[in-house]
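Novice: Below is a structure I'd like to ask you about.
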Protein chains: 2
Amino acid sequence: MSSTLLDTPTKILQAALTLLETPQSKLPTMSDIARATGVSRQAVYLHFPSRTELLIAATRLQDRQNNVDAALSASRHAATGAERLDAFVTAWGNYIPKIYGVARAIMAASATDPEAKVAWDTRMADMREGCAAAIAALAKDGTLPQGTDTEQATDLLWTLLSVRNWENLTQGCGWDQDCYITTIRGLARATLAGQPEALTQLLACTPDAP
Amino acid sequence: MSSTLLDTPTKILQAALTLLETPQSKLPTMSDIARATGVSRQAVYLHFPSRTELLIAATRLQDRQNNVDAALSASRHAATGAERLDAFVTAWGNYIPKIYGVARAIMAASATDPEAKVAWDTRMADMREGCAAAIAALAKDGTLPQGTDTEQATDLLWTLLSVRNWENLTQGCGWDQDCYITTIRGLARATLAGQPEALTQLLACTPDAP
DNA sequence: ACTCTTACTTGACACAGTGTCAATTGACAT
DNA sequence: ATGTCAATTGACACTGTGTCAAGTAAGAGT
C-alpha cells in the first residue's frame, strides 16, 4: 500500500519485517534490507546506527502493529486463576508465530551481540510478567499443586512458553499451531492448575483431520 | 597432562574444548583456538577444513571421553516404562551440562551454517531415539495417558529435554542442576507416565538449603 | 652425508559483512 | 539565490573465515 506515504525509516522497517517474515530464508544483511527498501545501504545507517538497533526498532513497530498489549491483557479479566492461565497461554502461544521471524533474527544476533541479548532478554522478561501474573492468580485460588514455589512455577511456565519450544514443536516436529496451543495449554493446566484430568487426550491431535 | 604425547589434531580439539567450556566466554575464533593450542592458525586448517568441522570433531572427542552411550544406555535395562523414563531423563539431563559449551557453539553456528545445522539436528535426532524408546516402553506398559499418540509424546518429551530448556532454567533462571533434574523428571512422570501425584512438591526445590 | 617427506610456519590475499567518513546531488523552503 | 536536509556514491577500516604459495625444520631411508 502506497509506500510513498511512509517516511524512510518506516519503509526500511517494513521492508526488513517482510524479509524477516519470509520463511526458511537466510537472515537478511543490511544490504538486503537496503535493496528491499529501494534505498542505498548508507541510507539505512542514516536512520539506524546498527543492525541490532534496526532489529529492535522492527520489533517495536511489529508490536505496535499487532497490538500486543491488547492481546495479552485480555487474560487480565479472567475470573479464576485457571482461566487466566488458559487465556495467557493461548494469547502468547498465538502471538509467537507473528513475531517468529524477527525473534529468530534477534536470537541469532544475541549469540554474538550483547546489545541484542539485552533487547531479547528484556522482551522475554516482559512476557515473564504475564506468566508471573497467571501463577499469582493460581496461587490466590489455591489451585497450585501442594508446596509449589511461585518463583519456580513462573520459571517453568516461562520456559514452557519459550519461543524455542514453539520453534521446536511447530518448525522442527511439524506440529500444527492449534495442536501446539492445545498441548501446551493442557500441559500447563495439568501441572500448574491442579487439573491432572487435562492430560487425557492431551497428545491426540489430528491436524490433518477434515 | 603431557601434551607432547598427543598428536596435533587432538591437541587442537582439546584446546578448543577447554575454550568452549570456559563459562560466559565469547565463542572462540579459529585464531583463539590456534593460540590456545600453541600452533599457527594455518596449522588448524591443516587438520580441519572449517570451523564447523572442527566443532563437530570436538563433540565426537567429547562424546568418546564422556562415554555417552554407556551413560544413556543404562536406561535400557529398566524393568518398567516409568523407570526407563526416569533413567533416561536423569541420564540425559545430567549429560547436558557436560556438552553445553560445545553445544552452545554448534547451536550458534547452526543459525548461519547449514552444515552445522545438520550436525546438530543429527545429534538431537540420536537423543530423540532415547525419548522414543522410553515412550515405547510406557506404551507397552499401558501407562501413557488415554488416547496418547506415541509420536507426539516423543516430540513433547524431546522438547522438554532440549538443551535450550536446560539453558533457560539453569543458566537463565539460576536453577540448581539437581532442581532441574527433579523438576523435569517429575513433569515427565506426571504427564507421560500417568503419575499425576508426581506433581506434588514438584516445584519446591531449595537449592540453597544448608 | 644426502635427499625425501611430513608437519608446521610465515605472510599474503580474497571474500563477506558491519560500520564510518567525505564529497556530491537534488529538492524544497525561505 | 541560498541554506538545509535527505539521500547517493564511493572509499575505507575492521573482523573473521578460508585459500594459496613459499620457506623451514626435523626425522627416516638409502
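How things are named: the first chain in the C-alpha cells is A, the next is B, and so on; residues count from 1 in each chain; ligands count from 1 in the order shown.
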Up to 12 Å from chain C, what residues of chain A turn up? Count only C-alpha atoms (C1' of nucleotides) and give them as a ChimeraX atom specification.
Specialist: /A:28-32,41-42,44-46,48-52
Novice: Sorted by chain and rising residue number, which residues of chain B lie within 9 Å of chain A, and what are their closest atom pairs and distances in Å to one decimal, counting only C-alpha atoms, as a tab-separated table?
Specialist:
```
residue	atom	partner	partner_atom	distance
B:Lys26	CA	A:Thr112	CA	7.4
B:Leu27	CA	A:Thr112	CA	7.8
B:Arg104	CA	A:Ala111	CA	8.9
B:Ala105	CA	A:Ala111	CA	8.9
B:Ala108	CA	A:Ala111	CA	6.3
B:Ala111	CA	A:Ala108	CA	6.3
B:Thr112	CA	A:Lys26	CA	7.4
B:Pro145	CA	A:Thr200	CA	5.6
B:Gln146	CA	A:Thr200	CA	5.2
B:Gly147	CA	A:Gln201	CA	5.1
B:Thr148	CA	A:Leu203	CA	4.8
B:Asp149	CA	A:Ala204	CA	5.4
B:Thr150	CA	A:Leu203	CA	8.1
B:Glu151	CA	A:Leu203	CA	8.9
B:Gln152	CA	A:Leu203	CA	5.9
B:Ala153	CA	A:Leu203	CA	6.3
B:Asp155	CA	A:Cys173	CA	6.7
B:Leu156	CA	A:Leu169	CA	7.7
B:Thr159	CA	A:Asn165	CA	6.4
B:Leu160	CA	A:Leu160	CA	8.0
B:Ser162	CA	A:Asn165	CA	8.5
B:Arg164	CA	A:Arg164	CA	7.2
B:Asn165	CA	A:Thr159	CA	6.4
B:Asn168	CA	A:Thr159	CA	6.6
B:Leu169	CA	A:Asp155	CA	7.0
B:Cys173	CA	A:Asp155	CA	6.7
B:Trp175	CA	A:Gln152	CA	8.6
B:Thr183	CA	A:Leu156	CA	8.9
B:Leu187	CA	A:Thr191	CA	7.3
B:Ala190	CA	A:Thr191	CA	7.9
B:Thr191	CA	A:Leu199	CA	6.4
B:Leu192	CA	A:Leu199	CA	8.6
B:Gly194	CA	A:Leu199	CA	8.5
B:Pro196	CA	A:Pro196	CA	6.0
B:Glu197	CA	A:Pro196	CA	8.9
B:Leu199	CA	A:Thr191	CA	6.4
B:Thr200	CA	A:Gln146	CA	5.1
B:Gln201	CA	A:Gly147	CA	5.1
B:Leu202	CA	A:Thr148	CA	6.8
B:Leu203	CA	A:Thr148	CA	4.8
B:Ala204	CA	A:Thr148	CA	5.4
B:Cys205	CA	A:Asp149	CA	8.0
```
Novice: Give me every helix (DSSP H, G or I) residue in stretch 31-68 of chain A, going by DSSP on the backbone, as number ranges by chain.
Specialist: A: 31-37, 41-47, 51-66, 68
Novice: Using only C-alpha atoms (C1' of nucleotides), find the residues of chain D whose closest atom to chain A is at most 9 Å away, then write them as a list in words.
Specialist: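 Contact residues on the first chain: DA6, DA7 and DT8 of chain D.
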Novice: Print the selection's residues with C-alpha atoms (C1' of nucleotides) to a file, as a compact mmCIF listing (two decimals), in the first residue's frame.
Specialist:
```txt
# COMPACT_ATOMS: atom_id res chain seq x y z
C1' DA D 6 17.80 13.56 2.79
C1' DA D 7 19.94 10.63 0.11
C1' DT D 8 23.67 8.98 -3.01
```
Novice: Could you please determine the separation between atom CA of A:Ala79 and atom CA of A:Gln177 in Å, to one decimal place?
Specialist: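 Rounded to one decimal, the two atoms are 26.2 Å apart.
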